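The file model-v4.cif contains mmCIF, C-alpha atoms and all ligand atoms:
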data_data
loop_
_atom_site.label_atom_id
_atom_site.label_comp_id
_atom_site.auth_asym_id
_atom_site.auth_seq_id
_atom_site.Cartn_x
_atom_site.Cartn_y
_atom_site.Cartn_z
CA MET A 247 -22.04 -7.45 -37.67
CA GLN A 248 -19.39 -9.68 -39.17
CA SER A 249 -21.00 -12.85 -40.48
CA ALA A 250 -17.95 -15.00 -39.87
CA MET A 251 -14.48 -14.95 -38.38
CA ASN A 252 -11.78 -16.39 -40.55
CA GLN A 253 -8.88 -15.78 -38.21
CA THR A 254 -6.76 -18.65 -36.87
CA CYS A 255 -6.81 -18.87 -33.06
CA PRO A 256 -3.32 -17.96 -31.79
CA ILE A 257 -3.70 -20.39 -28.89
CA CYS A 258 -5.03 -23.59 -30.50
CA ASN A 259 -4.86 -22.85 -34.27
CA SER A 260 -8.60 -23.55 -34.68
CA THR A 261 -10.53 -21.55 -37.27
CA ASP A 262 -13.89 -22.57 -35.76
CA TRP A 263 -15.44 -19.54 -34.00
CA LYS A 264 -19.01 -18.89 -32.94
CA ALA A 265 -20.54 -15.51 -32.13
CA GLU A 266 -20.75 -15.31 -28.33
CA TYR A 267 -22.16 -11.79 -28.06
CA GLU A 268 -23.47 -9.22 -30.50
CA GLY A 269 -24.45 -5.74 -29.39
CA PRO A 270 -23.17 -2.64 -27.65
CA VAL A 271 -19.55 -2.89 -26.45
CA ARG A 272 -18.05 -0.41 -23.96
CA ASP A 273 -16.02 2.22 -25.72
CA GLY A 274 -13.66 3.81 -23.17
CA VAL A 275 -15.36 5.17 -20.06
CA PHE A 276 -18.77 3.89 -18.94
CA GLY A 277 -21.66 5.33 -20.92
CA LYS A 278 -20.16 5.19 -24.42
CA TYR A 279 -20.79 2.17 -26.64
CA ASP A 280 -20.19 0.97 -30.16
CA ASP A 281 -21.74 -2.22 -31.52
CA GLY A 282 -19.49 -5.23 -31.98
CA THR A 283 -19.37 -9.03 -32.15
CA VAL A 284 -17.34 -11.12 -29.69
CA TRP A 285 -16.27 -14.52 -31.06
CA LYS A 286 -15.52 -17.62 -29.01
CA CYS A 287 -13.00 -20.18 -30.22
CA ASN A 288 -14.52 -23.65 -30.23
CA GLY A 289 -11.06 -25.17 -29.82
CA CYS A 290 -9.71 -23.58 -26.63
CA GLY A 291 -12.51 -21.31 -25.39
CA VAL A 292 -10.73 -17.97 -25.71
CA SER A 293 -12.96 -15.11 -26.92
CA HIS A 294 -11.94 -12.40 -29.34
CA LEU A 295 -13.24 -8.97 -30.29
CA PRO A 296 -11.46 -8.02 -33.52
CA PRO A 297 -9.91 -4.58 -32.79
CA ARG A 298 -10.91 -1.51 -34.79
CA GLN A 299 -7.33 -0.21 -35.01
CA THR A 300 -5.18 -1.55 -37.81
CA SER A 301 -2.11 -1.35 -35.55
CA LEU A 302 -2.51 -1.94 -31.82
CA GLU A 303 1.20 -1.26 -31.41
CA ALA A 304 0.87 2.30 -32.71
CA TYR A 305 -2.26 2.78 -30.58
CA TYR A 306 -0.46 1.94 -27.32
CA GLN A 307 2.60 4.01 -28.23
CA SER A 308 0.46 7.12 -28.60
CA ASP A 309 -1.53 8.88 -25.83
CA GLU A 310 -4.79 7.86 -27.49
CA TYR A 311 -5.27 4.70 -25.43
CA ARG A 312 -5.16 6.35 -21.96
CA GLU A 313 -7.44 9.10 -23.22
CA ASP A 314 -9.87 6.51 -24.61
CA VAL A 315 -10.17 4.95 -21.16
CA GLY A 316 -10.75 8.35 -19.53
CA GLU A 317 -7.25 8.81 -18.11
CA GLN A 318 -4.48 11.21 -18.97
CA ALA A 319 -1.25 9.90 -20.42
CA ASP A 320 0.97 11.46 -17.79
CA PRO A 321 2.67 9.89 -14.76
CA GLN A 322 0.98 12.03 -12.07
CA ASP A 323 -2.47 11.10 -13.33
CA TYR A 324 -1.43 7.44 -13.35
CA PHE A 325 -0.11 7.60 -9.74
CA SER A 326 -3.30 9.21 -8.46
CA ARG A 327 -5.38 6.43 -9.99
CA HIS A 328 -3.17 3.40 -9.44
CA ASP A 329 -0.70 3.88 -6.55
CA ASP A 330 -3.14 2.53 -3.97
CA GLU A 331 -3.68 -0.74 -5.90
CA GLN A 332 -0.07 -1.83 -5.48
CA PHE A 333 -0.37 -3.32 -2.00
CA ASP A 334 -3.27 -5.48 -3.13
CA LYS A 335 -1.03 -6.95 -5.78
CA ALA A 336 1.80 -7.46 -3.32
CA ARG A 337 -0.19 -10.23 -1.59
CA PHE A 338 0.28 -12.43 -4.68
CA LEU A 339 3.97 -12.14 -4.25
CA LYS A 340 3.96 -13.45 -0.69
CA GLY A 341 6.81 -15.90 -0.37
CA THR A 342 8.64 -14.19 -3.24
CA SER A 343 11.49 -11.93 -2.22
CA PHE A 344 12.62 -9.12 -4.49
CA ARG A 345 15.89 -8.69 -2.66
CA GLY A 346 18.76 -8.84 -5.10
CA LYS A 347 16.39 -9.95 -7.87
CA VAL A 348 15.86 -8.72 -11.40
CA ILE A 349 12.23 -7.70 -11.75
CA ALA A 350 10.33 -6.62 -14.83
CA ASP A 351 6.90 -5.06 -15.19
CA ILE A 352 5.43 -5.60 -18.64
CA GLY A 353 2.97 -2.87 -19.59
CA CYS A 354 3.90 -0.93 -16.44
CA ALA A 355 2.43 2.43 -17.58
CA GLY A 356 3.43 4.95 -14.86
CA GLY A 357 5.34 2.25 -12.97
CA SER A 358 3.64 2.35 -9.54
CA PHE A 359 4.42 -1.32 -8.95
CA LEU A 360 8.09 -0.95 -9.87
CA ASP A 361 8.41 1.99 -7.47
CA VAL A 362 7.20 -0.24 -4.62
CA ALA A 363 9.60 -3.09 -5.53
CA LYS A 364 12.67 -1.14 -6.58
CA GLY A 365 14.24 -0.59 -3.15
CA LEU A 366 14.94 -4.33 -2.81
CA ALA A 367 15.58 -5.32 -6.40
CA GLU A 368 18.93 -5.49 -8.15
CA ALA A 369 17.34 -4.10 -11.30
CA SER A 370 13.85 -2.91 -12.13
CA ILE A 371 12.90 -3.16 -15.77
CA ALA A 372 10.01 -1.13 -17.14
CA ILE A 373 8.56 -2.41 -20.41
CA GLU A 374 6.00 0.07 -21.66
CA PRO A 375 4.98 1.11 -25.18
CA GLY A 376 3.42 4.41 -24.01
CA LYS A 377 6.21 6.91 -24.63
CA SER A 378 4.68 9.60 -22.39
CA TYR A 379 5.77 7.58 -19.34
CA HIS A 380 9.38 6.97 -20.35
CA ALA A 381 11.10 10.15 -19.11
CA SER A 382 9.55 9.84 -15.65
CA LEU A 383 10.36 6.09 -15.39
CA ILE A 384 13.99 6.77 -16.28
CA GLU A 385 14.16 9.61 -13.78
CA ARG A 386 12.96 7.23 -11.03
CA GLY A 387 15.81 4.82 -11.80
CA HIS A 388 14.05 2.14 -13.85
CA LEU A 389 15.53 0.60 -17.00
CA VAL A 390 13.04 1.44 -19.73
CA TYR A 391 12.20 -0.47 -22.91
CA GLY A 392 9.44 0.16 -25.42
CA SER A 393 8.89 -3.53 -26.23
CA LEU A 394 9.66 -7.09 -25.12
CA GLU A 395 11.93 -7.49 -28.14
CA SER A 396 14.11 -4.52 -27.21
CA ALA A 397 14.29 -5.67 -23.55
CA ALA A 398 15.31 -9.19 -24.65
CA VAL A 399 18.54 -7.90 -26.26
CA GLU A 400 19.92 -7.29 -22.80
CA TRP A 401 17.72 -9.32 -20.46
CA ALA A 402 16.83 -12.63 -22.17
CA GLY A 403 17.03 -15.40 -19.53
CA LYS A 404 17.94 -12.97 -16.74
CA VAL A 405 14.65 -11.96 -15.11
CA ASP A 406 13.65 -13.51 -11.75
CA VAL A 407 10.15 -12.05 -11.37
CA ALA A 408 8.05 -10.62 -14.18
CA VAL A 409 4.67 -9.06 -13.50
CA CYS A 410 2.06 -8.18 -16.08
CA PHE A 411 -1.14 -6.76 -14.62
CA SER A 412 -4.22 -6.26 -16.84
CA VAL A 413 -2.24 -6.23 -20.08
CA ILE A 414 -2.64 -9.59 -21.89
CA GLU A 415 -6.26 -8.78 -22.79
CA HIS A 416 -4.98 -5.76 -24.77
CA VAL A 417 -2.34 -7.29 -27.02
CA ALA A 418 -2.66 -8.31 -30.68
CA ASP A 419 -1.39 -11.89 -30.15
CA PRO A 420 -1.42 -13.23 -26.56
CA VAL A 421 0.76 -16.26 -27.39
CA GLU A 422 3.47 -14.18 -29.05
CA PHE A 423 3.25 -11.86 -26.03
CA LEU A 424 3.65 -14.68 -23.46
CA ALA A 425 6.48 -16.18 -25.49
CA GLY A 426 8.21 -12.78 -25.36
CA ILE A 427 7.92 -12.73 -21.56
CA ARG A 428 9.04 -16.38 -21.29
CA ARG A 429 12.19 -15.43 -23.21
CA LEU A 430 13.12 -12.94 -20.46
CA LEU A 431 12.66 -15.36 -17.54
CA LYS A 432 15.38 -17.35 -15.83
CA SER A 433 14.68 -21.11 -15.75
CA ASP A 434 13.50 -20.73 -12.12
CA GLY A 435 11.80 -17.38 -12.74
CA VAL A 436 8.10 -16.63 -12.45
CA LEU A 437 5.57 -14.49 -14.27
CA VAL A 438 2.61 -13.19 -12.28
CA LEU A 439 -0.17 -11.98 -14.56
CA SER A 440 -3.73 -10.81 -14.16
CA THR A 441 -6.72 -10.32 -16.44
CA PRO A 442 -10.52 -10.03 -16.14
CA ASN A 443 -12.04 -13.49 -15.61
CA HIS A 444 -14.31 -14.61 -18.43
CA ARG A 445 -16.23 -16.78 -15.94
CA ASP A 446 -17.20 -13.66 -13.93
CA ALA A 447 -20.50 -14.47 -12.14
CA LEU A 448 -22.14 -11.25 -13.34
CA LEU A 449 -21.92 -12.43 -16.96
CA GLU A 450 -24.08 -15.34 -15.90
CA PHE A 451 -26.49 -13.48 -13.60
CA SER A 452 -26.85 -9.98 -15.03
CA GLY A 453 -26.86 -10.82 -18.73
CA ASP A 454 -26.68 -8.22 -21.47
CA PRO A 455 -26.31 -4.97 -19.46
CA TYR A 456 -23.19 -6.40 -17.83
CA ARG A 457 -21.94 -7.96 -21.08
CA SER A 458 -21.96 -4.58 -22.81
CA PHE A 459 -19.87 -3.29 -19.88
CA PHE A 460 -17.54 -6.30 -19.56
CA TYR A 461 -16.66 -6.41 -23.25
CA ARG A 462 -14.55 -3.40 -24.19
CA TRP A 463 -13.11 -2.17 -27.47
CA VAL A 464 -9.72 -1.85 -25.73
CA HIS A 465 -9.78 -5.61 -24.93
CA PRO A 466 -9.47 -7.87 -27.97
CA TRP A 467 -9.13 -11.02 -25.77
CA TYR A 468 -11.16 -12.64 -22.95
CA PHE A 469 -9.66 -15.50 -20.95
CA ASP A 470 -10.59 -18.17 -18.47
CA GLU A 471 -8.23 -20.51 -16.63
CA ASP A 472 -8.29 -23.19 -19.32
CA CYS A 473 -7.33 -21.07 -22.31
CA LEU A 474 -4.68 -19.20 -20.30
CA ARG A 475 -3.17 -22.57 -19.38
CA SER A 476 -3.23 -23.64 -23.03
CA ALA A 477 -1.50 -20.39 -24.03
CA SER A 478 1.12 -20.82 -21.28
CA THR A 479 1.77 -24.45 -22.25
CA LYS A 480 2.27 -23.39 -25.86
CA CYS A 481 4.99 -21.00 -24.64
CA GLY A 482 6.73 -23.64 -22.51
CA MET A 483 5.28 -22.54 -19.15
CA THR A 484 3.13 -24.12 -16.46
CA PHE A 485 0.09 -22.20 -15.24
CA GLU A 486 -1.40 -21.99 -11.77
CA PRO A 487 -4.58 -19.89 -11.39
CA HIS A 488 -5.56 -17.70 -8.48
CA TYR A 489 -9.06 -16.21 -8.36
CA VAL A 490 -9.76 -12.76 -6.94
CA GLN A 491 -13.14 -11.10 -6.46
CA ARG A 492 -12.65 -7.34 -6.25
CA PHE A 493 -16.21 -6.03 -6.17
CA SER A 494 -18.64 -6.40 -3.29
CA PHE A 495 -22.00 -8.07 -3.02
CA ALA A 496 -23.62 -4.60 -2.99
CA ASN A 497 -22.11 -3.95 -6.43
CA PHE A 498 -23.51 -7.28 -7.65
CA ALA A 499 -26.97 -6.48 -6.29
CA ALA A 500 -26.87 -3.01 -7.87
CA TRP A 501 -26.07 -4.58 -11.26
CA LEU A 502 -29.11 -6.84 -10.94
CA ARG A 503 -31.28 -3.94 -9.76
CA GLU A 504 -30.07 -1.09 -11.96
CA GLY A 505 -28.14 -2.74 -14.77
CA LYS A 506 -25.22 -0.37 -14.38
CA PRO A 507 -21.95 -0.08 -12.45
CA THR A 508 -22.04 1.64 -9.07
CA GLY A 509 -18.48 0.82 -8.04
CA ASN A 510 -17.12 -0.25 -4.68
CA GLY A 511 -17.96 3.03 -2.94
CA HIS A 512 -21.11 1.96 -1.11
CA ASP A 513 -20.98 0.19 2.21
CA ALA A 514 -21.22 -3.58 2.16
CA ALA A 515 -24.98 -4.07 2.19
CA LEU A 516 -24.94 -7.02 4.56
CA GLY A 517 -21.74 -6.18 6.42
CA PRO A 518 -18.10 -7.10 5.90
CA VAL A 519 -18.38 -10.68 7.18
CA PHE A 520 -21.00 -11.52 4.58
CA ASP A 521 -18.93 -9.75 1.93
CA ASP A 522 -15.88 -11.88 2.75
CA VAL A 523 -17.98 -15.04 2.41
CA TRP A 524 -19.43 -13.72 -0.86
CA LYS A 525 -15.99 -13.04 -2.29
CA SER A 526 -14.43 -16.31 -1.18
CA THR A 527 -17.43 -18.25 -2.50
CA LEU A 528 -17.02 -16.73 -5.98
CA GLU A 529 -13.27 -17.32 -5.84
CA ALA A 530 -13.73 -20.99 -4.85
CA GLN A 531 -16.22 -21.45 -7.71
CA LYS A 532 -13.82 -19.78 -10.19
CA LYS A 533 -16.45 -17.09 -10.85
CA SER A 534 -14.59 -14.08 -9.45
CA ASP A 535 -14.23 -10.90 -11.49
CA TYR A 536 -10.43 -11.20 -11.73
CA LEU A 537 -8.05 -14.02 -12.56
CA TYR A 538 -4.38 -14.06 -11.60
CA GLY A 539 -1.93 -16.64 -12.84
CA PHE A 540 1.55 -17.82 -11.95
CA CYS A 541 3.44 -18.96 -15.04
CA ARG A 542 6.72 -20.80 -14.63
CA PRO A 543 9.10 -22.17 -17.26
CA ALA A 544 8.32 -25.88 -17.63
CA ALA A 545 11.08 -28.22 -16.47
ZN ZN B 601 -8.52 -21.47 -29.70
#
Could I get this structure in the form of structure tokens?
Ligand SMILES: [Zn+2]
Amino acid sequence: MQSAMNQTCPICNSTDWKAEYEGPVRDGVFGKYDDGTVWKCNGCGVSHLPPRQTSLEAYYQSDEYREDVGEQADPQDYFSRHDDEQFDKARFLKGTSFRGKVIADIGCAGGSFLDVAKGLAEASIAIEPGKSYHASLIERGHLVYGSLESAAVEWAGKVDVAVCFSVIEHVADPVEFLAGIRRLLKSDGVLVLSTPNHRDALLEFSGDPYRSFFYRWVHPWYFDEDCLRSASTKCGMTFEPHYVQRFSFANFAAWLREGKPTGNGHDAALGPVFDDVWKSTLEAQKKSDYLYGFCRPAA
């Protein structure tokens, strides 16, 4: 293991880190591990797993990343895995109309979300480093950029709604990343983002088997509400959290029993009513497995 971390925290500038976890860390699909140390910043509470790649940018531009997580870097494979998630996300955008708006999806991969929103929007902007997706995104009528910087040339201050689902945990510097998104937003625009919640109840109850699953080599950063708010504030945005529990009580029980993931496939062990109570309880206690946030340019 590394005996110390001498990096400066991008969120709070602290150099005071303590080892939060040392041991096997998920490497791509479930079942493969490589030992690592996750460090927690004593200043703001963000946790960091120093990435093995020297350039994360090059990693996400190539097909290597999708292959490392057991997917194929082509649009059809992406649609088959992710199309059905889009309507779940749409509930966060209740009260937000896309009609006549400029929307941007940062880290959109195959662009399933943009396909759903495009019919109403004035413009749909796809920001995605993975080049394998570009031709198909262009063919479906989206405006495609490989980075926030290249999108900003045309779209700085012009985006009404930006979405960024399960991406911020992957980037080299989350503050630089949020600042890049902030640059695109109109003064009354909004960013909706999501990331795994570092207060996930299973980290508390299951212990090390779940930790070695939760921490992943493809995720250098782990956030809770407080450090995401600090990062947003640093970029001139307010932050409003929204907790979402995706996995059922049966999944939780299976983790405690078997120490491994069994997914959401099994029936709710105690019925759907209990499962709804289970999920809303975790969400109310801020211990759900996922954390969404609404970031808005500060007045
Ligand atoms: Zn910090």
Could you make a table, as a Markdown table, of the residues of range 363-427 of chain A that have an atom within 10 Å of an atom of range 467-477 of chain A, each with its nearest atom pair and distance in Å to one decimal, counting all atoms listed in the file, in chain and number order?
| residue | atom | partner | partner_atom | distance |
| --- | --- | --- | --- | --- |
| A:Ile414 | CA | A:Trp467 | CA | 7.7 |
| A:Glu415 | CA | A:Trp467 | CA | 4.7 |
| A:His416 | CA | A:Trp467 | CA | 6.8 |
| A:Val417 | CA | A:Trp467 | CA | 7.8 |
| A:Ala418 | CA | A:Trp467 | CA | 8.6 |
| A:Asp419 | CA | A:Trp467 | CA | 8.9 |
| A:Pro420 | CA | A:Ala477 | CA | 7.6 |
| A:Val421 | CA | A:Ala477 | CA | 5.8 |
| A:Glu422 | CA | A:Ala477 | CA | 9.4 |
| A:Phe423 | CA | A:Ala477 | CA | 10.0 |
| A:Leu424 | CA | A:Ala477 | CA | 7.7 |
| A:Ala425 | CA | A:Ala477 | CA | 9.1 |
**Test item: residues at most 8 Å from Val407 in chain A, all atoms listed in the file, excluding those fewer than 4 positions along its chain, as a PyMOL selection string** = chain A and resi 344+347-350+431+435-438
Using only C-alpha atoms and all ligand atoms, what table do you get, as a Markdown table, when you list each residue of chain A with an atom no more than 10 Å from ligand ZN 601 (chain B), its nearest pair of atoms, and their distance in Å rounded to one decimal, rows by chain then rising number?
| residue | atom | partner | partner_atom | distance |
| --- | --- | --- | --- | --- |
| A:Thr254 | CA | B:ZN601 | ZN | 7.9 |
| A:Cys255 | CA | B:ZN601 | ZN | 4.6 |
| A:Pro256 | CA | B:ZN601 | ZN | 6.6 |
| A:Ile257 | CA | B:ZN601 | ZN | 5.0 |
| A:Cys258 | CA | B:ZN601 | ZN | 4.2 |
| A:Asn259 | CA | B:ZN601 | ZN | 6.0 |
| A:Ser260 | CA | B:ZN601 | ZN | 5.4 |
| A:Thr261 | CA | B:ZN601 | ZN | 7.8 |
| A:Asp262 | CA | B:ZN601 | ZN | 8.2 |
| A:Trp263 | CA | B:ZN601 | ZN | 8.4 |
| A:Lys286 | CA | B:ZN601 | ZN | 8.0 |
| A:Cys287 | CA | B:ZN601 | ZN | 4.7 |
| A:Asn288 | CA | B:ZN601 | ZN | 6.4 |
| A:Gly289 | CA | B:ZN601 | ZN | 4.5 |
| A:Cys290 | CA | B:ZN601 | ZN | 3.9 |
| A:Gly291 | CA | B:ZN601 | ZN | 5.9 |
| A:Val292 | CA | B:ZN601 | ZN | 5.7 |
| A:Ser293 | CA | B:ZN601 | ZN | 8.2 |
| A:His294 | CA | B:ZN601 | ZN | 9.7 |
| A:Cys473 | CA | B:ZN601 | ZN | 7.5 |
| A:Ser476 | CA | B:ZN601 | ZN | 8.8 |
| A:Ala477 | CA | B:ZN601 | ZN | 9.1 |
Show me, as a PDB file with C-alpha atoms, keeping the file's coordinate frame, the residues that have an atom within 10 Å of Leu339 in chain A when counting only C-alpha atoms, minus same-chain residues fewer than 3 positions from it.
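Generated file (out_23.pdb):
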ATOM      1  CA  ASP A 334      -3.270  -5.480  -3.130  1.00  0.00           C
ATOM      2  CA  LYS A 335      -1.030  -6.950  -5.780  1.00  0.00           C
ATOM      3  CA  ALA A 336       1.800  -7.460  -3.320  1.00  0.00           C
ATOM      4  CA  THR A 342       8.640 -14.190  -3.240  1.00  0.00           C
ATOM      5  CA  SER A 343      11.490 -11.930  -2.220  1.00  0.00           C
ATOM      6  CA  PHE A 344      12.620  -9.120  -4.490  1.00  0.00           C
ATOM      7  CA  VAL A 407      10.150 -12.050 -11.370  1.00  0.00           C
ATOM      8  CA  VAL A 409       4.670  -9.060 -13.500  1.00  0.00           C
ATOM      9  CA  VAL A 438       2.610 -13.190 -12.280  1.00  0.00           C
ATOM     10  CA  PHE A 540       1.550 -17.820 -11.950  1.00  0.00           C
TER      11      PHE A 540
END
**Message:** Just the number, please: distance in Å from CA of Arg445 in chain A to CA of Lys532 in chain A, one decimal.
**Reply:** 6.9 Å
**Message:** Residues near Tyr489 in chain A, anyone? I mean within 8 Å using all atoms listed in the file, not counting same-chain ones fewer than 5 positions away, as JSON, numbers by chain.
**Reply:** {"A": [529, 530, 532, 533, 534, 536, 537, 538]}
Just C-alpha atoms for this one: save the residues we selected as a short mmCIF file (atom, residue, chain, number, x, y, z; two decimals), in the coordinates of the input.
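Full text of result_22.cif as output:
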data_model
loop_
_atom_site.label_atom_id
_atom_site.label_comp_id
_atom_site.auth_asym_id
_atom_site.auth_seq_id
_atom_site.Cartn_x
_atom_site.Cartn_y
_atom_site.Cartn_z
CA GLU A 529 -13.27 -17.32 -5.84
CA ALA A 530 -13.73 -20.99 -4.85
CA LYS A 532 -13.82 -19.78 -10.19
CA LYS A 533 -16.45 -17.09 -10.85
CA SER A 534 -14.59 -14.08 -9.45
CA TYR A 536 -10.43 -11.20 -11.73
CA LEU A 537 -8.05 -14.02 -12.56
CA TYR A 538 -4.38 -14.06 -11.60
#
**Request:** Kindly indicate which residue among A:Lys525, A:Tyr311, A:Lys340, A:Phe411 lies nearest to Phe359 in chain A, using all atoms listed in the file for the distances.
**Result:**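 For Phe359 in chain A, the nearest of the candidates is A:Phe411.
Distances to Gln253 in chain A were evaluated for A:Leu295, A:Val362, A:Val271, A:Val519 using all atoms listed in the file, and the minimum falls at A:Leu295.
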N, CA, C and O atoms for range 432-444 of chain A, written as a PDB file, keeping the file's coordinate frame, could you do that?
ATOM      1  N   LYS A 432      14.417 -16.311 -16.185  1.00  0.00           N
ATOM      2  CA  LYS A 432      15.380 -17.350 -15.830  1.00  0.00           C
ATOM      3  C   LYS A 432      14.639 -18.681 -15.773  1.00  0.00           C
ATOM      4  O   LYS A 432      13.413 -18.703 -15.625  1.00  0.00           O
ATOM      5  N   SER A 433      15.368 -19.809 -15.763  1.00  0.00           N
ATOM      6  CA  SER A 433      14.680 -21.110 -15.750  1.00  0.00           C
ATOM      7  C   SER A 433      13.882 -21.297 -14.462  1.00  0.00           C
ATOM      8  O   SER A 433      12.877 -22.014 -14.441  1.00  0.00           O
ATOM      9  N   ASP A 434      14.291 -20.634 -13.356  1.00  0.00           N
ATOM     10  CA  ASP A 434      13.500 -20.730 -12.120  1.00  0.00           C
ATOM     11  C   ASP A 434      12.733 -19.432 -11.853  1.00  0.00           C
ATOM     12  O   ASP A 434      12.323 -19.164 -10.724  1.00  0.00           O
ATOM     13  N   GLY A 435      12.537 -18.638 -12.890  1.00  0.00           N
ATOM     14  CA  GLY A 435      11.800 -17.380 -12.740  1.00  0.00           C
ATOM     15  C   GLY A 435      10.298 -17.602 -12.740  1.00  0.00           C
ATOM     16  O   GLY A 435       9.804 -18.714 -12.937  1.00  0.00           O
ATOM     17  N   VAL A 436       9.568 -16.534 -12.481  1.00  0.00           N
ATOM     18  CA  VAL A 436       8.100 -16.630 -12.450  1.00  0.00           C
ATOM     19  C   VAL A 436       7.490 -15.382 -13.084  1.00  0.00           C
ATOM     20  O   VAL A 436       8.042 -14.280 -12.968  1.00  0.00           O
ATOM     21  N   LEU A 437       6.382 -15.604 -13.770  1.00  0.00           N
ATOM     22  CA  LEU A 437       5.570 -14.490 -14.270  1.00  0.00           C
ATOM     23  C   LEU A 437       4.259 -14.492 -13.489  1.00  0.00           C
ATOM     24  O   LEU A 437       3.595 -15.521 -13.389  1.00  0.00           O
ATOM     25  N   VAL A 438       3.913 -13.349 -12.924  1.00  0.00           N
ATOM     26  CA  VAL A 438       2.610 -13.190 -12.280  1.00  0.00           C
ATOM     27  C   VAL A 438       1.775 -12.292 -13.187  1.00  0.00           C
ATOM     28  O   VAL A 438       2.178 -11.159 -13.465  1.00  0.00           O
ATOM     29  N   LEU A 439       0.657 -12.822 -13.679  1.00  0.00           N
ATOM     30  CA  LEU A 439      -0.170 -11.980 -14.560  1.00  0.00           C
ATOM     31  C   LEU A 439      -1.590 -11.902 -14.048  1.00  0.00           C
ATOM     32  O   LEU A 439      -2.023 -12.691 -13.215  1.00  0.00           O
ATOM     33  N   SER A 440      -2.317 -10.914 -14.537  1.00  0.00           N
ATOM     34  CA  SER A 440      -3.730 -10.810 -14.160  1.00  0.00           C
ATOM     35  C   SER A 440      -4.529 -10.324 -15.364  1.00  0.00           C
ATOM     36  O   SER A 440      -3.997  -9.669 -16.270  1.00  0.00           O
ATOM     37  N   THR A 441      -5.824 -10.683 -15.349  1.00  0.00           N
ATOM     38  CA  THR A 441      -6.720 -10.320 -16.440  1.00  0.00           C
ATOM     39  C   THR A 441      -8.161 -10.473 -15.944  1.00  0.00           C
ATOM     40  O   THR A 441      -8.407 -11.236 -14.999  1.00  0.00           O
ATOM     41  N   PRO A 442      -9.123  -9.774 -16.529  1.00  0.00           N
ATOM     42  CA  PRO A 442     -10.520 -10.030 -16.140  1.00  0.00           C
ATOM     43  C   PRO A 442     -10.877 -11.495 -16.395  1.00  0.00           C
ATOM     44  O   PRO A 442     -10.414 -12.084 -17.370  1.00  0.00           O
ATOM     45  N   ASN A 443     -11.669 -12.077 -15.491  1.00  0.00           N
ATOM     46  CA  ASN A 443     -12.040 -13.490 -15.610  1.00  0.00           C
ATOM     47  C   ASN A 443     -13.293 -13.634 -16.482  1.00  0.00           C
ATOM     48  O   ASN A 443     -14.338 -13.073 -16.172  1.00  0.00           O
ATOM     49  N   HIS A 444     -13.176 -14.431 -17.515  1.00  0.00           N
ATOM     50  CA  HIS A 444     -14.310 -14.610 -18.430  1.00  0.00           C
ATOM     51  C   HIS A 444     -15.425 -15.470 -17.830  1.00  0.00           C
ATOM     52  O   HIS A 444     -16.490 -15.629 -18.439  1.00  0.00           O
TER      53      HIS A 444
END
